[in-house]
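Colleague: Next comes the structure file protein.cif, holding mmCIF, C-alpha atoms.
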data_input
loop_
_atom_site.label_atom_id
_atom_site.label_comp_id
_atom_site.auth_asym_id
_atom_site.auth_seq_id
_atom_site.Cartn_x
_atom_site.Cartn_y
_atom_site.Cartn_z
CA MET A 94 -13.08 7.32 -16.16
CA SER A 95 -12.83 7.52 -12.36
CA HIS A 96 -15.62 5.79 -10.43
CA ILE A 97 -15.37 8.55 -7.81
CA PHE A 98 -15.91 11.21 -10.49
CA ASP A 99 -18.88 9.27 -11.89
CA GLY A 100 -20.47 9.12 -8.44
CA TYR A 101 -20.04 12.87 -7.95
CA GLU A 102 -21.46 13.48 -11.42
CA LYS A 103 -24.60 11.47 -10.66
CA GLU A 104 -25.20 13.42 -7.43
CA LEU A 105 -24.57 16.75 -9.20
CA LEU A 106 -27.14 15.97 -11.89
CA GLU A 107 -29.71 15.21 -9.18
CA PHE A 108 -29.04 18.53 -7.42
CA THR A 109 -29.11 20.60 -10.63
CA ALA A 110 -32.40 18.97 -11.62
CA SER A 111 -33.79 19.79 -8.16
CA ILE A 112 -32.59 23.41 -8.44
CA ALA A 113 -34.17 23.85 -11.87
CA ARG A 114 -37.44 22.23 -10.78
CA ASN A 115 -37.77 24.30 -7.59
CA THR A 116 -36.83 27.52 -9.37
CA ALA A 117 -39.49 26.89 -12.03
CA THR A 118 -42.22 26.46 -9.39
CA LEU A 119 -41.40 29.63 -7.42
CA GLY A 120 -43.82 31.67 -9.49
CA ASN A 121 -46.72 29.54 -8.24
CA LEU A 122 -45.87 30.09 -4.55
CA ASP A 123 -46.13 33.00 -2.15
CA GLY A 124 -45.44 33.86 1.47
CA ASP A 125 -43.68 31.38 3.69
CA SER A 126 -43.96 28.57 1.13
CA LYS A 127 -41.98 30.62 -1.32
CA THR A 128 -39.39 31.51 1.33
CA GLN A 129 -38.94 27.87 2.26
CA ARG A 130 -38.56 26.94 -1.39
CA VAL A 131 -35.83 29.58 -1.82
CA SER A 132 -34.02 28.17 1.24
CA LEU A 133 -34.21 24.70 -0.31
CA ILE A 134 -32.75 26.06 -3.56
CA ASP A 135 -29.90 27.73 -1.64
CA SER A 136 -29.15 24.44 0.10
CA ASP A 137 -29.10 22.54 -3.20
CA VAL A 138 -26.83 25.17 -4.75
CA ALA A 139 -24.38 24.83 -1.84
CA GLU A 140 -24.37 21.03 -2.21
CA ALA A 141 -23.86 21.30 -5.99
CA GLU A 142 -20.95 23.73 -5.56
CA ALA A 143 -19.32 21.34 -3.08
CA LEU A 144 -19.68 18.47 -5.57
CA VAL A 145 -18.13 20.59 -8.32
CA ARG A 146 -15.13 21.30 -6.09
CA ARG A 147 -14.73 17.59 -5.34
CA MET A 148 -14.99 16.74 -9.05
CA ASP A 149 -12.33 19.36 -9.74
CA LEU A 150 -10.01 17.78 -7.18
CA GLU A 151 -10.61 14.33 -8.64
CA ALA A 152 -9.92 15.56 -12.19
CA ARG A 153 -6.70 17.26 -11.08
CA SER A 154 -5.49 14.05 -9.44
CA MET A 155 -5.62 12.15 -12.74
CA GLN A 156 -2.25 11.65 -14.46
CA ASN A 157 -3.41 10.10 -17.75
CA PRO A 158 -4.43 12.88 -20.23
CA SER A 159 -6.87 10.54 -22.00
CA VAL A 160 -8.80 10.30 -18.72
CA LYS A 161 -8.17 13.80 -17.35
CA ASP A 162 -9.16 15.83 -20.46
CA PRO A 163 -12.73 14.43 -20.82
CA MET A 164 -13.29 14.94 -17.10
CA SER A 165 -12.11 18.56 -17.32
CA ALA A 166 -14.37 19.21 -20.33
CA LYS A 167 -17.40 17.82 -18.47
CA LEU A 168 -16.49 19.87 -15.42
CA ARG A 169 -16.45 23.11 -17.44
CA GLU A 170 -19.94 22.35 -18.78
CA TYR A 171 -21.28 21.61 -15.29
CA LYS A 172 -19.76 24.82 -13.90
CA ALA A 173 -21.41 26.88 -16.65
CA GLU A 174 -24.77 25.18 -16.05
CA LEU A 175 -24.53 25.67 -12.29
CA ASN A 176 -23.71 29.36 -12.73
CA ARG A 177 -26.79 29.75 -14.93
CA LEU A 178 -28.99 28.06 -12.34
CA LYS A 179 -27.49 30.22 -9.59
CA ARG A 180 -28.35 33.39 -11.53
CA GLU A 181 -31.94 32.24 -11.98
CA ALA A 182 -32.17 31.29 -8.30
CA ALA A 183 -30.73 34.66 -7.28
CA LEU A 184 -33.38 36.48 -9.33
CA SER A 185 -36.10 34.39 -7.71
CA ALA A 186 -34.67 35.02 -4.22
CA LYS A 187 -34.58 38.76 -4.94
CA SER A 188 -38.23 38.64 -5.91
CA VAL A 189 -39.05 36.88 -2.64
CA SER A 190 -37.09 39.46 -0.63
CA THR A 191 -39.03 42.27 -2.31
CA GLY A 192 -42.32 40.56 -1.46
CA GLN A 193 -41.28 40.08 2.16
CA ARG A 194 -40.31 43.76 2.46
CA ASP A 195 -43.66 44.87 1.03
CA ARG A 196 -45.50 42.57 3.44
CA GLN A 197 -43.55 43.93 6.39
CA GLN A 198 -44.38 47.49 5.35
CA LEU A 199 -48.05 46.58 5.14
CA LEU A 200 -47.94 45.06 8.63
CA GLN A 201 -46.24 48.15 10.01
CA GLY A 202 -48.89 50.36 8.37
CA ALA A 203 -51.64 48.20 9.82
CA GLU A 204 -50.14 48.60 13.28
CA LEU A 205 -50.16 52.40 12.90
CA ASP A 206 -53.73 52.43 11.69
CA ASP A 207 -54.94 50.02 14.37
CA GLY A 208 -53.66 51.81 17.45
CA ASN A 209 -56.77 50.92 19.45
CA ALA A 210 -56.19 47.16 19.05
CA PRO A 211 -53.30 46.26 21.36
CA THR A 212 -54.08 42.54 21.27
CA SER A 213 -53.77 42.35 17.46
CA SER A 214 -50.59 44.42 17.53
CA SER A 215 -49.08 42.15 20.18
CA GLN A 216 -49.92 39.09 18.14
CA ARG A 217 -48.28 40.60 15.08
CA GLU A 218 -45.19 41.41 17.12
CA ARG A 219 -45.00 37.85 18.37
CA MET A 220 -45.42 36.58 14.83
CA LEU A 221 -42.66 38.85 13.55
CA HIS A 222 -40.41 37.79 16.43
CA ALA A 223 -41.10 34.11 15.72
CA THR A 224 -40.38 34.66 12.02
CA SER A 225 -37.10 36.38 12.90
CA ARG A 226 -36.11 33.48 15.14
CA LEU A 227 -36.93 31.01 12.38
CA ASP A 228 -34.79 32.99 9.95
CA GLN A 229 -31.91 33.00 12.43
CA THR A 230 -32.30 29.25 12.94
CA GLY A 231 -32.27 28.73 9.20
CA ASP A 232 -29.09 30.81 8.92
CA ARG A 233 -27.42 28.72 11.62
CA ILE A 234 -28.48 25.52 9.88
CA ARG A 235 -27.09 26.74 6.56
CA GLU A 236 -23.84 27.77 8.27
CA GLY A 237 -23.61 24.34 9.88
CA LYS A 238 -24.16 22.67 6.52
CA ARG A 239 -21.43 24.79 4.96
CA SER A 240 -19.05 23.76 7.76
CA LEU A 241 -19.96 20.11 7.20
CA LEU A 242 -19.36 20.49 3.47
CA ASP A 243 -15.97 22.08 4.10
CA THR A 244 -15.07 19.24 6.46
CA GLU A 245 -16.25 16.70 3.93
CA GLU A 246 -14.13 18.34 1.21
CA LEU A 247 -11.10 18.16 3.50
CA GLY A 248 -11.81 14.48 4.12
CA VAL A 249 -12.13 13.85 0.38
CA SER A 250 -8.83 15.62 -0.24
CA ILE A 251 -7.11 13.52 2.44
CA LEU A 252 -8.57 10.33 0.97
CA GLN A 253 -7.32 11.30 -2.47
CA ASP A 254 -3.84 11.95 -1.06
CA LEU A 255 -3.91 8.56 0.64
CA HIS A 256 -5.07 6.96 -2.60
CA ARG A 257 -2.15 8.52 -4.49
CA GLN A 258 0.28 7.43 -1.76
CA ARG A 259 -1.11 3.91 -1.93
CA ASP A 260 -0.56 3.89 -5.70
CA THR A 261 3.01 5.10 -5.16
CA ILE A 262 3.66 2.37 -2.59
CA THR A 263 2.11 -0.24 -4.89
CA ASN A 264 4.29 0.89 -7.78
CA ALA A 265 7.38 0.82 -5.54
CA ARG A 266 6.47 -2.67 -4.36
CA ASP A 267 6.04 -3.85 -7.95
CA THR A 268 9.41 -2.33 -8.81
CA ILE A 269 11.02 -4.14 -5.87
CA HIS A 270 9.41 -7.41 -6.93
CA GLY A 271 10.72 -6.85 -10.45
CA ALA A 272 14.21 -6.20 -9.08
CA ASP A 273 13.97 -9.39 -6.99
CA ASP A 274 13.03 -11.36 -10.07
CA THR A 275 15.96 -9.87 -11.97
CA ILE A 276 18.35 -10.69 -9.13
CA SER A 277 17.02 -14.26 -8.98
CA LYS A 278 17.54 -14.68 -12.72
CA SER A 279 21.03 -13.22 -12.42
CA ARG A 280 21.87 -15.66 -9.64
CA LYS A 281 20.69 -18.58 -11.76
CA ILE A 282 22.80 -17.40 -14.69
CA LEU A 283 25.87 -16.99 -12.45
CA ALA A 284 25.30 -20.46 -10.99
CA GLN A 285 25.07 -21.95 -14.48
CA MET A 286 28.25 -20.10 -15.48
CA GLY A 287 30.01 -21.42 -12.36
CA ARG A 288 29.00 -25.00 -13.18
CA ARG A 289 30.21 -24.63 -16.74
CA ILE A 290 33.54 -23.19 -15.55
CA THR A 291 33.94 -26.14 -13.17
CA GLN A 292 33.11 -28.58 -15.96
CA ASN A 293 35.59 -26.91 -18.29
CA LYS A 294 38.28 -27.05 -15.59
CA MET A 295 37.66 -30.76 -15.00
CA LEU A 296 37.76 -31.41 -18.75
CA MET A 297 41.00 -29.46 -19.04
CA TYR A 298 42.54 -31.38 -16.13
CA GLY A 299 41.48 -34.64 -17.75
CA ILE A 300 43.05 -33.67 -21.07
CA ILE A 301 46.28 -32.66 -19.32
CA ALA A 302 46.34 -35.95 -17.41
CA MET A 303 45.82 -37.88 -20.64
CA LEU A 304 48.61 -35.94 -22.35
CA VAL A 305 50.99 -36.56 -19.44
CA PHE A 306 50.09 -40.27 -19.49
CA ALA A 307 50.61 -40.44 -23.27
CA ILE A 308 53.97 -38.64 -23.07
CA THR A 309 55.08 -40.90 -20.24
CA LEU A 310 54.03 -43.98 -22.19
CA VAL A 311 55.85 -42.85 -25.33
CA ALA A 312 58.98 -42.04 -23.37
CA TYR A 313 58.85 -45.43 -21.64
CA PHE A 314 58.62 -47.30 -24.89
CA LYS A 315 61.46 -45.27 -26.39
CA VAL A 316 63.71 -45.81 -23.39
CA GLY A 317 62.80 -49.50 -23.25
CA GLY A 318 63.51 -49.92 -26.98
CA LYS A 319 66.98 -48.40 -26.68
CA SER A 320 67.85 -50.65 -23.74
CA LYS A 321 67.07 -53.79 -25.77
CA ASN A 322 69.23 -52.60 -28.64
#
As structure tokens, how would this structure be written, given the file I've shared?
Modeller:
Amino acid sequence: MSHIFDGYEKELLEFTASIARNTATLGNLDGDSKTQRVSLIDSDVAEAEALVRRMDLEARSMQNPSVKDPMSAKLREYKAELNRLKREAALSAKSVSTGQRDRQQLLQGAELDDGNAPTSSSQRERMLHATSRLDQTGDRIREGKRSLLDTEELGVSILQDLHRQRDTITNARDTIHGADDTISKSRKILAQMGRRITQNKMLMYGIIAMLVFAITLVAYFKVGGKSKN
């Protein structure tokens, strides 16, 4: 299995464990502590979703079915588990939102009842304004994290494309090396064939020379024998 996929899987398990643990402890918290815990859960969910998308890209890039199919099966299980955790986190966040709305209504009622206490009302207004600014800052931070995750996913996709291109170049280089080896072997065979042809020609020339010499010798002796007679 892919080492990249294994690394993503390890990180995903850490985030899902964190989401489950923080969701389970929400019932013991209230006020700002509970709000902060919900923000932490939202951040972990965003990170887990990004990891799932990267795992999906890695699984899709696999060509061997024996490697790709187990990765896809694991990915389906993790998606189902993450969806379950997201539903539980959403229910917890909804509970927190309801509590915040009730608290705000109580503060507004206290301001109406305490019209003769301008200092307390001003302090509550400053507190509400500070809380609003903190919420806006948290939203900007979460938006920045989402942008970073999107950029990271783009970088991962580019790296995977480069990895596939490198594999293609490596395969092409191996093919070229194989062709070079074949050409070298062919050259050796042709050279051996050329040497054998040359040897056969020399042998044939030798045989012809011997035949010519033998014929000449026979003819000489025949002519010489007739002359003596």
Colleague: Suppose you want the space between CA of Gly100 in chain A and CA of Thr244 in chain A; what is it in Å?
Modeller: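 CA of Thr244 in chain A lies at a distance of 18.8 Å from CA of Gly100 in chain A.
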Colleague: In Å, how far is it from CA of Tyr171 in chain A to CA of Ile251 in chain A?
Modeller: 24.1 Å
Colleague: Between CA of Leu105 in chain A and CA of Asp123 in chain A, what is the distance in Å, rounded to a tenth?
Modeller: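 Distance between the two atoms: 27.9 Å.
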Colleague: Of the residues A:Arg130, A:Asp137, A:Ile282, A:Leu150, which is the one nearest to Ala117 in chain A, using only C-alpha atoms?
Modeller: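 Looking only at the distances to Ala117 in chain A, the closest residue turns out to be A:Arg130.
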Colleague: On this structure, which residues satisfy the PyMOL selection byres ((chain A and resi 114) around 12), written as a list in words?
Modeller: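 That selection, the PyMOL selection byres ((chain A and resi 114) around 12), comes back as Glu107, Phe108, Thr109, Ala110, Ser111, Ile112, Ala113, Asn115, Thr116, Ala117, Thr118, Leu119, Gly120, Arg130, Val131, Leu133, Ile134, Asp137, Leu178, Glu181 and Ala182 of chain A.
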Colleague: A:Ser279, A:Ser159, A:Ser240, A:Thr128: which is nearest Ala143 in chain A, counting all atoms listed in the file?
Modeller: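 Of A:Ser279, A:Ser159, A:Ser240, A:Thr128, the one nearest Ala143 in chain A is A:Ser240, counting all atoms listed in the file.
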Colleague: Apply the PyMOL selection byres ((chain A and resi 144) around 9) to the structure shown and report the selected residues as a compact mmCIF listing (two decimals) with C-alpha atoms, in the coordinates of the input.
Modeller:
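out03.txt, written as the output of this step:
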# COMPACT_ATOMS: atom_id res chain seq x y z
CA TYR A 101 -20.04 12.87 -7.95
CA GLU A 102 -21.46 13.48 -11.42
CA GLU A 104 -25.20 13.42 -7.43
CA LEU A 105 -24.57 16.75 -9.20
CA ALA A 139 -24.38 24.83 -1.84
CA GLU A 140 -24.37 21.03 -2.21
CA ALA A 141 -23.86 21.30 -5.99
CA GLU A 142 -20.95 23.73 -5.56
CA ALA A 143 -19.32 21.34 -3.08
CA VAL A 145 -18.13 20.59 -8.32
CA ARG A 146 -15.13 21.30 -6.09
CA ARG A 147 -14.73 17.59 -5.34
CA MET A 148 -14.99 16.74 -9.05
CA ASP A 149 -12.33 19.36 -9.74
CA GLU A 246 -14.13 18.34 1.21
Colleague: Closest to Gln129 in chain A among A:Thr224, A:Leu241, A:Thr275, A:Phe306, using all atoms listed in the file?
Modeller: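 So, comparing all the options, the nearest one is A:Thr224.
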Colleague: Taking all listed atoms of range 113-132 of chain A, build the axis-aligned box, pad each of the six sides by 5 Å, then write its centre and edge lengths in Å to one decimal as AutoDock Vina command-line options.
Modeller:
--center_x -40.4 --center_y 28.0 --center_z -4.2 --size_x 22.7 --size_y 21.6 --size_z 25.7
Colleague: Given all atoms listed in the file as the basis, pick out the residue of A:Ser154, A:Asn176, A:Ser126, A:Ser95 nearest to Ser250 in chain A.
Modeller: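 Once distances to Ser250 in chain A are computed over all atoms listed in the file, the minimum belongs to A:Ser154.
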Colleague: Choose the residue, out of A:Arg257, A:Lys294, A:His270, A:Lys315, that has the smallest atom-to-atom separation from Met155 in chain A; count all atoms listed in the file.
Modeller: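 Of A:Arg257, A:Lys294, A:His270, A:Lys315, the one nearest Met155 in chain A is A:Arg257, counting all atoms listed in the file.
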